[in-house]
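Next up, upload.txt (compact mmCIF, C-alpha atoms):
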# COMPACT_ATOMS: atom_id res chain seq x y z
CA MET A 509 0.00 0.00 0.00
CA ASP A 510 1.31 3.43 -0.94
CA PHE A 511 -0.03 6.10 1.41
CA SER A 512 1.95 9.00 -0.03
CA THR A 513 0.16 11.83 -1.82
CA ASN A 514 1.30 13.22 -5.14
CA PRO A 515 2.81 16.70 -5.66
CA ALA A 516 -0.49 18.16 -6.86
CA ASP A 517 -2.27 17.01 -3.69
CA GLU A 518 0.52 18.36 -1.50
CA ALA A 519 0.27 21.70 -3.31
CA PHE A 520 -3.44 21.65 -2.56
CA ARG A 521 -2.66 20.91 1.09
CA THR A 522 -0.47 24.01 1.22
CA GLU A 523 -3.18 26.09 -0.44
CA LEU A 524 -5.75 24.79 2.00
CA ARG A 525 -3.58 25.51 5.04
CA ASP A 526 -2.99 29.06 3.82
CA PHE A 527 -6.73 29.48 3.29
CA LEU A 528 -7.54 28.22 6.77
CA ALA A 529 -4.89 30.46 8.34
CA THR A 530 -6.53 33.56 6.86
CA GLU A 531 -10.21 32.62 6.60
CA TRP A 532 -10.97 30.37 9.57
CA ASP A 533 -11.01 31.47 13.18
CA PRO A 534 -12.84 29.11 15.57
CA LYS A 535 -13.14 31.98 18.04
CA ASP A 536 -14.29 30.68 21.41
CA TYR A 537 -16.66 28.13 19.94
CA ASP A 538 -16.12 24.40 20.30
CA ALA A 539 -18.42 22.77 17.78
CA TYR A 540 -16.21 20.27 15.94
CA ALA A 541 -13.70 18.73 18.35
CA MET A 542 -15.88 15.67 18.96
CA ASN A 543 -16.68 13.00 16.40
CA VAL A 544 -20.42 13.65 16.78
CA TRP A 545 -20.99 17.34 17.49
CA SER A 546 -19.28 19.17 20.31
CA TYR A 547 -20.52 21.47 23.06
CA ASP A 548 -21.49 24.44 20.87
CA PHE A 549 -23.40 22.34 18.37
CA ASP A 550 -26.68 24.07 19.27
CA ASN A 551 -25.19 27.54 19.78
CA PRO A 552 -26.84 29.91 17.22
CA GLY A 553 -23.74 32.10 17.16
CA ALA A 554 -21.50 29.14 16.38
CA ARG A 555 -23.82 27.96 13.63
CA ASP A 556 -23.97 31.41 12.00
CA HIS A 557 -20.18 31.62 12.23
CA ALA A 558 -19.82 28.23 10.55
CA GLU A 559 -22.27 29.11 7.77
CA ASP A 560 -20.33 32.28 6.95
CA PHE A 561 -17.20 30.20 6.57
CA GLN A 562 -18.98 27.49 4.58
CA LYS A 563 -20.01 30.11 2.00
CA LYS A 564 -16.31 30.58 1.29
CA LEU A 565 -15.94 26.84 0.76
CA ILE A 566 -18.87 26.90 -1.65
CA GLU A 567 -17.34 29.80 -3.59
CA ARG A 568 -14.12 27.83 -4.07
CA GLY A 569 -15.93 24.66 -5.09
CA TRP A 570 -14.58 22.74 -2.12
CA TRP A 571 -17.92 22.20 -0.40
CA THR A 572 -18.89 19.46 -2.86
CA MET A 573 -15.51 18.68 -4.39
CA ALA A 574 -16.13 14.93 -4.02
CA TRP A 575 -19.31 15.00 -6.09
CA PRO A 576 -19.31 13.86 -9.72
CA GLU A 577 -19.06 16.68 -12.25
CA GLU A 578 -22.51 15.82 -13.61
CA TYR A 579 -23.96 16.91 -10.27
CA GLY A 580 -21.92 20.10 -10.02
CA GLY A 581 -18.90 18.70 -8.19
CA GLN A 582 -15.23 18.43 -9.11
CA ASP A 583 -15.05 14.63 -9.13
CA ALA A 584 -11.99 15.06 -6.93
CA PRO A 585 -9.89 11.92 -6.56
CA ILE A 586 -9.84 10.12 -3.23
CA SER A 587 -6.36 11.44 -2.47
CA ARG A 588 -7.58 15.04 -2.84
CA GLN A 589 -10.62 14.34 -0.68
CA LEU A 590 -8.35 12.81 1.95
CA VAL A 591 -6.13 15.90 2.09
CA TYR A 592 -9.20 18.13 2.36
CA SER A 593 -10.82 16.06 5.11
CA GLU A 594 -7.58 15.81 7.08
CA GLU A 595 -6.80 19.51 7.03
CA MET A 596 -10.34 20.63 7.80
CA ALA A 597 -10.55 18.18 10.70
CA TYR A 598 -7.09 19.02 12.02
CA HIS A 599 -7.94 22.74 12.12
CA ASN A 600 -11.32 22.07 13.76
CA ALA A 601 -13.15 23.67 10.84
CA PRO A 602 -16.63 22.80 9.50
CA ALA A 603 -16.20 20.70 6.38
CA SER A 604 -18.73 19.55 3.80
CA GLN A 605 -21.68 17.86 5.45
CA PRO A 606 -23.22 16.79 2.11
CA GLN A 607 -20.27 14.49 1.50
CA ALA A 608 -21.11 12.38 4.56
CA ASN A 609 -24.89 12.48 4.48
CA VAL A 610 -27.64 11.48 2.10
CA ALA A 611 -26.10 12.89 -1.09
CA GLY A 612 -24.68 9.55 -2.20
CA ALA A 613 -28.00 7.76 -1.76
CA ILE A 614 -29.79 10.45 -3.79
CA MET A 615 -27.20 10.29 -6.58
CA ILE A 616 -27.47 6.50 -6.79
CA HIS A 617 -31.11 5.87 -5.94
CA GLY A 618 -32.91 9.21 -6.23
CA THR A 619 -35.33 10.31 -8.92
CA ASP A 620 -34.50 13.05 -11.41
CA TRP A 621 -36.76 15.36 -9.39
CA MET A 622 -34.73 14.68 -6.26
CA LYS A 623 -31.41 15.22 -7.97
CA GLU A 624 -32.56 18.51 -9.44
CA ASN A 625 -34.11 19.87 -6.25
CA PHE A 626 -32.03 18.42 -3.43
CA LEU A 627 -28.53 18.31 -4.85
CA THR A 628 -28.67 21.92 -5.98
CA GLY A 629 -29.90 23.00 -2.55
CA MET A 630 -27.21 20.96 -0.82
CA GLN A 631 -24.55 22.54 -3.02
CA ASN A 632 -25.69 25.96 -1.79
CA ASN A 633 -26.17 24.78 1.82
CA THR A 634 -29.85 25.73 1.74
CA VAL A 635 -31.11 22.14 2.05
CA ASN A 636 -30.15 20.74 5.44
CA TRP A 637 -30.98 17.19 6.45
CA ALA A 638 -31.68 15.31 9.64
CA GLN A 639 -31.69 11.52 9.76
CA GLY A 640 -34.86 9.67 10.74
CA PHE A 641 -33.66 6.14 11.45
CA SER A 642 -33.66 5.24 15.17
CA GLU A 643 -36.85 4.58 17.10
CA PRO A 644 -37.47 3.91 20.81
CA ASN A 645 -37.43 0.16 20.14
CA ALA A 646 -35.27 0.13 17.02
CA GLY A 647 -31.78 1.48 17.57
CA THR A 648 -28.90 -0.85 16.79
CA ASP A 649 -31.58 -3.30 15.60
CA LEU A 650 -32.78 -0.69 13.14
CA ALA A 651 -34.70 -3.12 10.94
CA SER A 652 -37.24 -3.56 13.77
CA LEU A 653 -38.63 -0.07 13.08
CA THR A 654 -42.42 0.30 13.21
CA THR A 655 -43.14 3.80 11.86
CA ARG A 656 -45.77 3.17 9.20
CA GLY A 657 -46.03 4.49 5.68
CA VAL A 658 -49.38 3.72 4.04
CA GLU A 659 -49.88 4.30 0.32
CA ASP A 660 -52.76 6.64 -0.45
CA GLY A 661 -52.96 7.58 -4.12
CA ASP A 662 -49.82 9.47 -5.05
CA ASP A 663 -48.75 9.88 -1.41
CA PHE A 664 -47.47 7.88 1.52
CA VAL A 665 -49.14 8.73 4.82
CA VAL A 666 -46.58 8.40 7.60
CA THR A 667 -47.38 7.88 11.28
CA GLY A 668 -44.92 7.00 14.00
CA GLN A 669 -42.03 8.19 16.14
CA LYS A 670 -38.30 8.61 15.63
CA ILE A 671 -35.77 9.36 18.36
CA TRP A 672 -32.20 10.69 18.69
CA SER A 673 -32.58 12.76 15.52
CA SER A 674 -29.49 14.96 15.78
CA GLY A 675 -30.05 18.61 14.89
CA SER A 676 -33.51 18.01 13.47
CA HIS A 677 -34.66 21.37 14.89
CA PHE A 678 -32.21 23.01 12.47
CA ALA A 679 -33.03 20.85 9.45
CA ASN A 680 -35.62 21.48 6.77
CA TRP A 681 -35.61 17.94 5.34
CA TYR A 682 -35.66 14.48 6.86
CA HIS A 683 -34.44 11.24 5.24
CA VAL A 684 -36.55 8.69 7.01
CA LEU A 685 -37.15 4.94 7.00
CA VAL A 686 -40.75 3.74 7.28
CA ARG A 687 -42.37 0.32 7.17
CA THR A 688 -44.64 -0.04 4.18
CA ASP A 689 -45.20 -3.82 4.27
CA PRO A 690 -45.68 -5.08 7.85
CA GLU A 691 -46.02 -8.68 6.63
CA ALA A 692 -42.59 -8.83 5.00
CA PRO A 693 -39.39 -9.97 6.77
CA LYS A 694 -38.04 -7.10 8.83
CA HIS A 695 -35.24 -6.09 6.45
CA ARG A 696 -37.77 -5.92 3.67
CA GLY A 697 -40.98 -4.00 3.51
CA ILE A 698 -39.12 -0.79 4.42
CA THR A 699 -39.24 2.33 2.23
CA TYR A 700 -36.79 5.26 2.32
CA LEU A 701 -38.44 8.68 2.05
CA ALA A 702 -37.42 12.31 1.83
CA MET A 703 -39.82 14.16 4.14
CA GLN A 704 -40.07 17.92 4.43
CA LEU A 705 -39.70 19.13 8.04
CA LYS A 706 -40.08 22.89 7.49
CA ASP A 707 -41.62 25.07 4.81
CA ASP A 708 -39.79 27.89 3.05
CA GLU A 709 -40.61 30.27 5.91
CA GLY A 710 -39.10 27.93 8.49
CA ASN A 711 -42.39 26.72 9.95
CA GLN A 712 -42.82 23.09 10.99
CA MET A 713 -44.80 21.11 8.44
CA PRO A 714 -48.30 19.86 9.40
CA GLY A 715 -48.35 16.64 11.39
CA ILE A 716 -44.75 16.91 12.60
CA THR A 717 -43.90 17.57 16.26
CA LEU A 718 -40.38 17.85 17.68
CA ARG A 719 -39.77 17.17 21.36
CA PRO A 720 -36.31 18.30 22.56
CA LEU A 721 -33.77 15.87 23.98
CA TYR A 722 -30.85 17.34 25.93
CA ASP A 723 -27.42 15.97 26.71
CA MET A 724 -25.92 15.85 30.22
CA LEU A 725 -24.75 19.45 29.89
CA GLY A 726 -28.15 20.81 28.97
CA ARG A 727 -27.53 21.25 25.26
CA ARG A 728 -30.34 20.47 22.85
CA ARG A 729 -28.57 17.93 20.68
CA TRP A 730 -31.42 15.66 19.55
CA ASN A 731 -35.18 15.50 19.23
CA GLU A 732 -37.94 12.97 19.29
CA VAL A 733 -39.83 13.42 16.05
CA PHE A 734 -43.52 12.53 16.05
CA MET A 735 -45.31 12.11 12.71
CA ASP A 736 -49.09 12.10 12.65
CA GLU A 737 -50.44 11.27 9.17
CA VAL A 738 -47.73 13.25 7.39
CA ARG A 739 -48.24 13.10 3.63
CA VAL A 740 -45.13 12.44 1.55
CA PRO A 741 -45.46 12.55 -2.25
CA ARG A 742 -44.51 9.37 -4.04
CA HIS A 743 -41.80 11.10 -6.08
CA GLN A 744 -39.88 11.61 -2.82
CA ILE A 745 -39.02 7.91 -2.47
CA ILE A 746 -35.27 7.24 -2.36
CA GLY A 747 -34.93 3.96 -4.21
CA GLU A 748 -37.83 1.53 -4.54
CA VAL A 749 -40.93 0.82 -2.49
CA ASN A 750 -40.24 -1.89 0.12
CA ARG A 751 -36.51 -1.87 -0.71
CA GLY A 752 -35.52 1.17 1.30
CA TRP A 753 -33.17 -0.77 3.55
CA TYR A 754 -30.72 -1.25 0.69
CA ALA A 755 -30.85 2.39 -0.38
CA ALA A 756 -30.34 3.48 3.24
CA MET A 757 -27.24 1.31 3.52
CA THR A 758 -25.72 3.52 0.82
CA THR A 759 -26.01 6.43 3.22
CA LEU A 760 -24.47 4.45 6.07
CA ASN A 761 -21.58 3.31 3.89
CA PHE A 762 -20.81 6.97 3.22
CA GLU A 763 -20.65 7.53 6.98
CA ARG A 764 -18.43 4.69 8.15
CA THR A 765 -14.93 5.47 6.90
CA GLY A 766 -13.34 7.29 9.86
CA ILE A 767 -11.18 9.37 7.50
CA ASP A 768 -11.20 12.54 9.60
CA GLY A 769 -11.36 11.04 13.11
CA ALA A 770 -7.63 10.76 13.77
CA ALA A 771 -6.77 14.07 12.11
CA ARG A 772 -9.30 15.91 14.26
CA LEU A 773 -7.89 14.52 17.50
CA ILE A 774 -4.28 15.03 16.42
CA GLY A 775 -5.13 18.70 15.93
CA VAL A 776 -6.77 18.85 19.35
CA LEU A 777 -3.72 17.21 20.93
CA ASP A 778 -1.25 19.59 19.27
CA ARG A 779 -3.19 22.62 20.50
CA TYR A 780 -3.61 21.03 23.91
CA LEU A 781 0.14 20.52 24.30
CA GLN A 782 0.79 24.09 23.28
CA GLU A 783 -1.61 25.31 25.96
CA MET A 784 -0.26 22.97 28.60
CA ARG A 785 3.29 24.24 28.11
CA GLY A 786 2.13 27.54 29.58
CA ILE A 787 0.16 26.06 32.50
CA THR A 788 1.39 25.08 35.94
CA PHE A 789 -0.36 23.19 38.70
CA ASN A 790 1.12 23.86 42.13
CA GLY A 791 4.01 25.63 40.45
CA GLU A 792 4.95 22.83 38.03
CA SER A 793 3.94 21.95 34.50
CA PRO A 794 2.01 18.65 34.30
CA LEU A 795 4.11 17.84 31.22
CA LYS A 796 7.11 17.32 33.51
CA ASP A 797 5.36 14.32 35.04
CA ASP A 798 6.79 11.20 33.39
CA VAL A 799 3.53 9.28 33.78
CA ILE A 800 1.55 12.06 32.07
CA ARG A 801 4.11 12.27 29.28
CA HIS A 802 3.82 8.52 28.66
CA ILE A 803 0.01 8.67 28.68
CA LEU A 804 -0.04 11.49 26.14
CA ALA A 805 2.63 9.80 24.01
CA ASP A 806 0.58 6.60 23.98
CA ALA A 807 -2.47 8.58 22.85
CA ARG A 808 -0.49 10.13 19.99
CA ILE A 809 0.84 6.74 18.86
CA THR A 810 -2.69 5.33 18.92
CA LEU A 811 -3.91 8.23 16.81
CA GLU A 812 -1.18 7.59 14.25
CA ALA A 813 -2.20 3.94 14.03
CA ASP A 814 -5.83 5.02 13.52
CA ARG A 815 -4.68 7.43 10.84
CA MET A 816 -3.00 4.59 8.97
CA LEU A 817 -6.20 2.53 9.17
CA ALA A 818 -8.09 5.46 7.62
CA TYR A 819 -5.42 5.76 4.93
CA ARG A 820 -5.93 2.11 4.11
CA VAL A 821 -9.62 2.80 3.51
CA ALA A 822 -8.75 5.72 1.24
CA TRP A 823 -6.19 3.61 -0.62
CA MET A 824 -8.76 0.89 -1.25
CA GLN A 825 -11.33 3.42 -2.45
CA ALA A 826 -8.76 4.96 -4.78
CA ASN A 827 -8.25 1.50 -6.28
CA GLY A 828 -11.96 0.98 -6.88
CA GLU A 829 -12.51 -1.38 -3.97
CA VAL A 830 -15.39 -1.23 -1.48
CA PRO A 831 -13.84 -1.28 2.03
CA GLN A 832 -16.82 -2.50 4.03
CA ALA A 833 -14.97 -4.34 6.79
CA GLU A 834 -11.96 -2.04 6.56
CA GLY A 835 -14.20 1.03 6.81
CA ALA A 836 -15.88 -0.50 9.84
CA ILE A 837 -12.49 -1.14 11.44
CA SER A 838 -11.40 2.45 10.84
CA GLY A 839 -14.68 3.88 12.10
CA TYR A 840 -14.69 1.62 15.15
CA ARG A 841 -11.12 2.55 16.04
CA ALA A 842 -11.89 6.28 15.75
CA LEU A 843 -14.71 5.92 18.27
CA ALA A 844 -12.86 3.57 20.62
CA THR A 845 -9.76 5.76 20.68
CA ALA A 846 -11.77 8.90 21.42
CA LYS A 847 -13.73 7.29 24.23
CA PHE A 848 -11.21 5.00 25.90
CA THR A 849 -7.82 6.54 25.15
CA PHE A 850 -7.77 10.11 23.93
CA TRP A 851 -10.13 12.17 26.07
CA PRO A 852 -9.27 10.19 29.24
CA ALA A 853 -5.57 10.94 28.57
CA LEU A 854 -6.21 14.68 28.30
CA ALA A 855 -8.39 14.58 31.40
CA LYS A 856 -5.72 12.68 33.35
CA ALA A 857 -3.14 15.35 32.56
CA ILE A 858 -5.25 18.19 34.01
CA GLY A 859 -6.16 16.19 37.12
CA PRO A 860 -9.10 17.50 39.16
CA TYR A 861 -9.50 20.45 36.77
CA ARG A 862 -11.27 18.05 34.42
CA ALA A 863 -14.38 18.57 36.53
CA LEU A 864 -14.56 22.21 35.38
CA LEU A 865 -16.67 22.71 32.28
CA LYS A 866 -16.69 25.18 29.42
CA GLY A 867 -16.85 28.79 30.50
CA GLU A 868 -15.21 28.19 33.87
CA SER A 869 -12.38 30.73 34.17
CA ARG A 870 -10.20 28.46 36.33
CA ALA A 871 -10.28 25.58 33.84
CA PRO A 872 -7.48 24.91 31.35
CA GLY A 873 -8.57 25.66 27.81
CA ASP A 874 -11.69 27.49 28.97
CA GLY A 875 -13.06 24.16 30.18
CA LYS A 876 -13.32 22.54 26.76
CA TYR A 877 -11.18 19.57 27.81
CA GLY A 878 -13.29 18.74 30.85
CA THR A 879 -16.42 19.29 28.79
CA ASN A 880 -15.34 17.02 25.97
CA TYR A 881 -14.18 14.38 28.43
CA ALA A 882 -17.69 14.36 29.86
CA LEU A 883 -19.28 14.26 26.41
CA SER A 884 -16.95 11.47 25.31
CA MET A 885 -18.81 9.11 27.63
CA THR A 886 -21.55 8.99 24.99
CA THR A 887 -19.15 8.28 22.12
CA GLY A 888 -20.17 5.16 20.27
CA PHE A 889 -23.86 5.50 21.10
CA GLY A 890 -24.34 8.42 18.73
CA GLY A 891 -23.41 8.47 15.08
CA GLY A 892 -25.02 5.13 14.29
CA GLY A 893 -23.83 3.20 17.33
CA GLY A 894 -20.48 2.35 15.76
CA LEU A 895 -19.00 0.76 18.88
CA ALA A 896 -21.86 -1.73 18.94
CA LEU A 897 -22.36 -2.28 15.22
CA GLY A 898 -18.76 -2.05 14.04
CA PRO A 899 -17.64 -5.43 15.45
CA ASN A 900 -20.63 -7.13 13.83
CA ILE A 901 -19.74 -5.69 10.42
CA ILE A 902 -16.10 -6.69 10.90
CA ALA A 903 -17.08 -10.20 11.95
CA GLN A 904 -19.62 -10.83 9.20
CA ARG A 905 -18.15 -8.97 6.21
CA GLY A 906 -14.49 -9.19 7.15
CA LEU A 907 -14.18 -12.62 8.78
CA GLY A 908 -17.17 -14.32 7.21
CA LEU A 909 -18.64 -15.32 10.57
CA PRO A 910 -22.35 -16.23 10.79
CA ARG A 911 -24.93 -13.84 12.18
Using the file provided, produce a representation of the structure as C-alpha cells.
Amino acid sequence: MDFSTNPADEAFRTELRDFLATEWDPKDYDAYAMNVWSYDFDNPGARDHAEDFQKKLIERGWWTMAWPEEYGGQDAPISRQLVYSEEMAYHNAPASQPQANVAGAIMIHGTDWMKENFLTGMQNNTVNWAQGFSEPNAGTDLASLTTRGVEDGDDFVVTGQKIWSSGSHFANWYHVLVRTDPEAPKHRGITYLAMQLKDDEGNQMPGITLRPLYDMLGRRRWNEVFMDEVRVPRHQIIGEVNRGWYAAMTTLNFERTGIDGAARLIGVLDRYLQEMRGITFNGESPLKDDVIRHILADARITLEADRMLAYRVAWMQANGEVPQAEGAISGYRALATAKFTFWPALAKAIGPYRALLKGESRAPGDGKYGTNYALSMTTGFGGGGGLALGPNIIAQRGLGLPR
C-alpha cells in the first residue's frame, strides 16, 4: 500500500492551510472537536459563524468537491478528498456535510426530481438534512422499526415516532425509513423517504412535532420526532418501495470510513500541548510528570495507528474497492480511541481540573477539555452506534462469521 500523496495534492494541502490560516477562526466556539458534534453544536452564534465560513468553501468549489461533475462537483480523486478532510478536521473547521450524508444515496437511488431539487440546494447549503432512522425500540436493531407508511394515491401517509434525531430542529428535510409492508421480513418492507420538516418560511410542516432531547450538559442535541399522518409525495421515495433498507445502507456506507477522526484529534492534541506548556499546577507543569508524558505519548501513537487505518480505507477506495470491513475497522477505532484513550488521557493530565466545564475561568482551555471528556462518555452510542455495530460488520463482512 502506498499512502503518499502526489505533488499536486501536496500543493493543494499548502493552499488549504494558507486558506484556513486567513479565513478560519474558531473563536471561542467548540463545535467540531468531537466526532459527533461538540458542546457548541446548538449555539446559534456558532452555527452562523460556521455558515459564513462554509459560503467561502462553496465559492471555491470545495464544499462538494467529491461530487461527480454531472452533479456540479469536481469529481476530486480520493487522495484530494483525503487531504481536504484531514486539514479541515485538524484545524477544527466545519467541512462539507453533504459528503457524509444522504447525497450519495440520492445520486445513486434518487429520482431526477430529487437530484434537481435536493442536490442543488445541498450545493448551496440551503437544504439541510436530519436523519430519521432510530426509534425507541429500534436502535442498533434498526430493521425492527415500526413507523408506518401507508400508500394513499400518489402519497405515503406516515405515522410514527423517531428518536435521537441529531439537529432536526435546524433541518428542513428528513431522510426517514418507514415500514410499508408489515407482513414482509423485517429487512424488507421498508421504504426510504425524503420528508419535508419545514416550509420555506421555516415553519414546521403539518403533522410533525419535535420534542427536545438534551445531553448531560443541557444542550439540545437531539429531538424525538412525532409524525401524525404526514403526507409524503410518491416522487420523494429514495430507491424503490419496500426496498428502502438497501438504499439506506448507501447512506451508512458513506458515513463509516473514519477518515477525519484521527486528524481531528491530532489537531486537538497539538493545540492542547501548546496550551499545557504555559500552564502550571502547584508551580509545576504537568508535562514534567513522566507518567503524564507517557500517557499522552501513547495517545499520539494510537492516533497515528488510527490514521493509517483510515489511509488504508482511502487507498482501497482509490483503487476501486469497497472497504466494508476495513471502513468499519477504521470507524470503530476512531470511536474507541476517542472514548477510551484520547479524552481520558487529556483529562488525566489536568487532574481534578477536568471537573470544570466550558466557560469556567479556572479551567485549562476554557473548560473545553473537561467538557469534551464528559461528552466522550456517549461516544459510540451516537453516530449510528459504531462501537456496537462495528464489530458485527467486521465479523460478518471481514471474517465471514455467521450472524
remark   = Taken to one decimal, the CA of His743 (chain A)-CA of Trp621 (chain A) distance is 7.4 Å
Tell me, as a PDB file with C-alpha atoms, in the frame of the given file, which residues lie within 12 Å of region 551-564 of chain A, counting only C-alpha atoms; anything in the same chain fewer than 6 positions away does not count.
ATOM      1  CA  PHE A 527      -6.730  29.480   3.290  1.00  0.00           C
ATOM      2  CA  LEU A 528      -7.540  28.220   6.770  1.00  0.00           C
ATOM      3  CA  THR A 530      -6.530  33.560   6.860  1.00  0.00           C
ATOM      4  CA  GLU A 531     -10.210  32.620   6.600  1.00  0.00           C
ATOM      5  CA  TRP A 532     -10.970  30.370   9.570  1.00  0.00           C
ATOM      6  CA  ASP A 533     -11.010  31.470  13.180  1.00  0.00           C
ATOM      7  CA  PRO A 534     -12.840  29.110  15.570  1.00  0.00           C
ATOM      8  CA  LYS A 535     -13.140  31.980  18.040  1.00  0.00           C
ATOM      9  CA  ASP A 536     -14.290  30.680  21.410  1.00  0.00           C
ATOM     10  CA  TYR A 537     -16.660  28.130  19.940  1.00  0.00           C
ATOM     11  CA  ASP A 538     -16.120  24.400  20.300  1.00  0.00           C
ATOM     12  CA  ALA A 539     -18.420  22.770  17.780  1.00  0.00           C
ATOM     13  CA  TYR A 540     -16.210  20.270  15.940  1.00  0.00           C
ATOM     14  CA  TRP A 545     -20.990  17.340  17.490  1.00  0.00           C
ATOM     15  CA  TRP A 570     -14.580  22.740  -2.120  1.00  0.00           C
ATOM     16  CA  TRP A 571     -17.920  22.200  -0.400  1.00  0.00           C
ATOM     17  CA  THR A 572     -18.890  19.460  -2.860  1.00  0.00           C
ATOM     18  CA  MET A 596     -10.340  20.630   7.800  1.00  0.00           C
ATOM     19  CA  ASN A 600     -11.320  22.070  13.760  1.00  0.00           C
ATOM     20  CA  ALA A 601     -13.150  23.670  10.840  1.00  0.00           C
ATOM     21  CA  PRO A 602     -16.630  22.800   9.500  1.00  0.00           C
ATOM     22  CA  ALA A 603     -16.200  20.700   6.380  1.00  0.00           C
ATOM     23  CA  SER A 604     -18.730  19.550   3.800  1.00  0.00           C
ATOM     24  CA  GLN A 605     -21.680  17.860   5.450  1.00  0.00           C
ATOM     25  CA  PRO A 606     -23.220  16.790   2.110  1.00  0.00           C
ATOM     26  CA  MET A 630     -27.210  20.960  -0.820  1.00  0.00           C
ATOM     27  CA  GLN A 631     -24.550  22.540  -3.020  1.00  0.00           C
ATOM     28  CA  ASN A 632     -25.690  25.960  -1.790  1.00  0.00           C
ATOM     29  CA  ASN A 633     -26.170  24.780   1.820  1.00  0.00           C
ATOM     30  CA  THR A 634     -29.850  25.730   1.740  1.00  0.00           C
ATOM     31  CA  ASN A 636     -30.150  20.740   5.440  1.00  0.00           C
ATOM     32  CA  GLY A 675     -30.050  18.610  14.890  1.00  0.00           C
ATOM     33  CA  HIS A 677     -34.660  21.370  14.890  1.00  0.00           C
ATOM     34  CA  PHE A 678     -32.210  23.010  12.470  1.00  0.00           C
ATOM     35  CA  GLY A 726     -28.150  20.810  28.970  1.00  0.00           C
ATOM     36  CA  ARG A 727     -27.530  21.250  25.260  1.00  0.00           C
ATOM     37  CA  ARG A 728     -30.340  20.470  22.850  1.00  0.00           C
ATOM     38  CA  ARG A 729     -28.570  17.930  20.680  1.00  0.00           C
TER      39      ARG A 729
END
Can you check which parts of region 565-682 of chain A lie within 9 Å of region 816-826 of chain A? Per residue, the shortest pair of atoms and distance in Å to one decimal, counting all atoms listed in the file, sorted by chain and number, as JSON lines.
{"residue": "A:Pro585", "atom": "CA", "partner": "A:Ala826", "partner_atom": "CA", "distance": 7.3}
{"residue": "A:Ile586", "atom": "CA", "partner": "A:Ala826", "partner_atom": "CA", "distance": 5.5}
{"residue": "A:Ser587", "atom": "CA", "partner": "A:Ala822", "partner_atom": "CA", "distance": 7.2}
{"residue": "A:Leu590", "atom": "CA", "partner": "A:Ala822", "partner_atom": "CA", "distance": 7.1}
key: Computed interatomic separation between CA of Ala611 (chain A) and CA of Gly640 (chain A) (Å)   = 15.1 Å
Sort by chain and increasing residue number a table of all residues of region 570-678 of chain A within 12 Å of region 893-909 of chain A, each with its closest pair of atoms and their distance in Å to one decimal, counting only C-alpha atoms, and write it as a tab-separated table.
residue	atom	partner	partner_atom	distance
A:Phe641	CA	A:Gly893	CA	11.8
A:Ser642	CA	A:Gly893	CA	10.3
A:Ala646	CA	A:Gly893	CA	11.8
A:Gly647	CA	A:Gly893	CA	8.1
A:Thr648	CA	A:Gly893	CA	6.5
A:Asp649	CA	A:Leu897	CA	9.3
A:Leu650	CA	A:Gly893	CA	10.6
A:Trp672	CA	A:Gly893	CA	11.3
Nearest candidate to Asp768 (chain A) (options A:Glu834, A:Asp662, A:Asp814, A:Asp689; using only C-alpha atoms) = A:Asp814
task = Would you kindly return, as an MDAnalysis selection string, each protein, DNA or RNA residue with an atom no farther than 12 Å from any atom of Thr810 (chain A), considering all atoms listed in the file and excluding same-chain residues fewer than 2 positions away?
result = chainID A and resid 769:771 773:774 803:808 812:817 841:842 844:846 848:850 853
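Closest to Ala863 (chain A) among A:Ser652, A:Arg588, A:Ala882, A:Lys847 is A:Ala882, based on all atoms listed in the file.
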key: Separation of CA of Lys856 (chain A) from CA of Ile800 (chain A) in Å   =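 For CA of Ile800 (chain A) relative to CA of Lys856 (chain A), the distance reads 7.4 Å.
Among A:Thr886, A:Asn731, A:Gln782, A:Thr619, the residue with the shortest atom-to-atom distance to Gln639 (chain A), counting all atoms listed in the file, is A:Asn731.
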message = Ranking A:Tyr579, A:Glu737, A:Ile809, A:Glu595 by minimum distance to Glu518 (chain A) and counting only C-alpha atoms, which one comes first?
response = A:Glu595
